[in-house]
Amino acid sequence: MSVQERKQRERAERERLIVATARELAEQQGWDAVTTRRLAERIEYSQPVLYSHFRGKREIIGAVALEGAAEMAAVVRGAAATADGPRARVAALARAYLEFAAHHPAVYDALFQLDGGLAFADEDTPEPLKDAFAALLETLGEVAGGGVPPGLFTEVFWASLHGLATLTRAGRLLPEEAAQRVELLVDRLAVV
């Protein structure tokens, strides 16, 4: 291994450590607790080293969001793949999405609530974000119904899931009715 290859590998490892530490800190204490000073202390590198990877917190949030988008895509694809039939796939996708949001609140916030400097619904949208949408579209597109563009249907269904995830986390919805909400959403929106 050349010196250059070793340095690139070490740089990539430091970057992964910064992102993992930011994510862990955000999951434990919220995004307000994630500062470059605290990250530098936790990873035992100086702040200039941290800034050599990310210009600031915004870029770190963006990196967590991209990592989270890839994870969410895998989760919803995996859930849909285990279900039999279009309706069951949509219900499995919805449950998986809501569980992901509930179990990874800091990642979910990085994806959809905080400014990570990432473009959505744009030609400059990073590939992991496009793939996360594609993971939804793959299942939801088949139940869009006649005359409804699959992408538009996916956006509306996704917005509904996001609303449920956000309102549930905020304590605005009764937790014991979560399963009924998914069933209602699937029954009313998905044409099977």
# chains A, B, ... in the order shown; residues from 1 in each chain; ligands from 1
$ closest_atom_pairs --of "range 122-163 of chain A" --to "range 53-72 of chain A" --cutoff "12 Å" --atoms "only C-alpha atoms" --output "JSON lines"
{"residue": "A:Thr125", "atom": "CA", "partner": "A:Leu66", "partner_atom": "CA", "distance": 10.6}
{"residue": "A:Pro126", "atom": "CA", "partner": "A:Leu66", "partner_atom": "CA", "distance": 7.9}
{"residue": "A:Glu127", "atom": "CA", "partner": "A:Leu66", "partner_atom": "CA", "distance": 8.6}
{"residue": "A:Pro128", "atom": "CA", "partner": "A:Ala70", "partner_atom": "CA", "distance": 5.5}
{"residue": "A:Leu129", "atom": "CA", "partner": "A:Ala69", "partner_atom": "CA", "distance": 5.7}
{"residue": "A:Lys130", "atom": "CA", "partner": "A:Ala69", "partner_atom": "CA", "distance": 8.8}
{"residue": "A:Asp131", "atom": "CA", "partner": "A:Ala70", "partner_atom": "CA", "distance": 7.3}
{"residue": "A:Ala132", "atom": "CA", "partner": "A:Ala69", "partner_atom": "CA", "distance": 5.6}
{"residue": "A:Phe133", "atom": "CA", "partner": "A:Ala69", "partner_atom": "CA", "distance": 8.9}
{"residue": "A:Ala134", "atom": "CA", "partner": "A:Ala69", "partner_atom": "CA", "distance": 10.9}
{"residue": "A:Ala135", "atom": "CA", "partner": "A:Met72", "partner_atom": "CA", "distance": 8.6}
{"residue": "A:Leu136", "atom": "CA", "partner": "A:Met72", "partner_atom": "CA", "distance": 9.8}
$ select_by_dssp --residues "range 42-123 of chain A" --states "helix (DSSP H, G or I)" --output "number ranges by chain"
A: 42-43, 47-53, 57-81, 86-103, 105-112
$ residues_around --residues "range 141-147 of chain A" --least-positions-apart "3" --cutoff "12 Å" --atoms "only C-alpha atoms" --output "PyMOL selection string"
chain A and resi 85-91+133-138+150-158+186-192
$ closest_residue --among "A:Ala170, A:Ala165, A:Ala159, A:Val107" --to "Gln28 in chain A" --atoms "only C-alpha atoms"
A:Val107
$ atom_distance --atom1 "CA of Val148 in chain A" --atom2 "CA of Thr168 in chain A"
28.6 Å
$ closest_residue --among "A:Ile18, A:Met1, A:Leu98, A:Ala26" --to "Ser46 in chain A" --atoms "only C-alpha atoms"
A:Ile18
$ residues_around --residues "Ile43 in chain A" --least-positions-apart "4" --cutoff "12 Å" --atoms "only C-alpha atoms" --output "compact mmCIF listing (two decimals) with C-alpha atoms, in the first residue's frame"
# COMPACT_ATOMS: atom_id res chain seq x y z
CA GLU A 13 -11.81 6.40 8.56
CA ARG A 14 -11.64 9.78 10.36
CA GLU A 15 -14.60 11.00 8.33
CA ARG A 16 -16.63 7.89 9.27
CA LEU A 17 -15.66 8.42 12.91
CA ILE A 18 -16.81 12.05 12.83
CA VAL A 19 -20.16 11.12 11.27
CA ALA A 20 -20.72 8.17 13.61
CA THR A 21 -19.84 10.27 16.65
CA ALA A 22 -22.10 13.13 15.56
CA GLU A 24 -24.40 9.01 18.37
CA LEU A 25 -24.26 12.34 20.19
CA THR A 36 -17.47 20.94 16.56
CA ARG A 37 -15.81 21.40 19.95
CA ARG A 38 -17.65 18.43 21.49
CA LEU A 39 -17.03 16.28 18.43
CA GLN A 47 -11.06 21.12 15.64
CA VAL A 49 -8.75 18.27 11.75
CA LEU A 50 -12.54 18.16 11.95
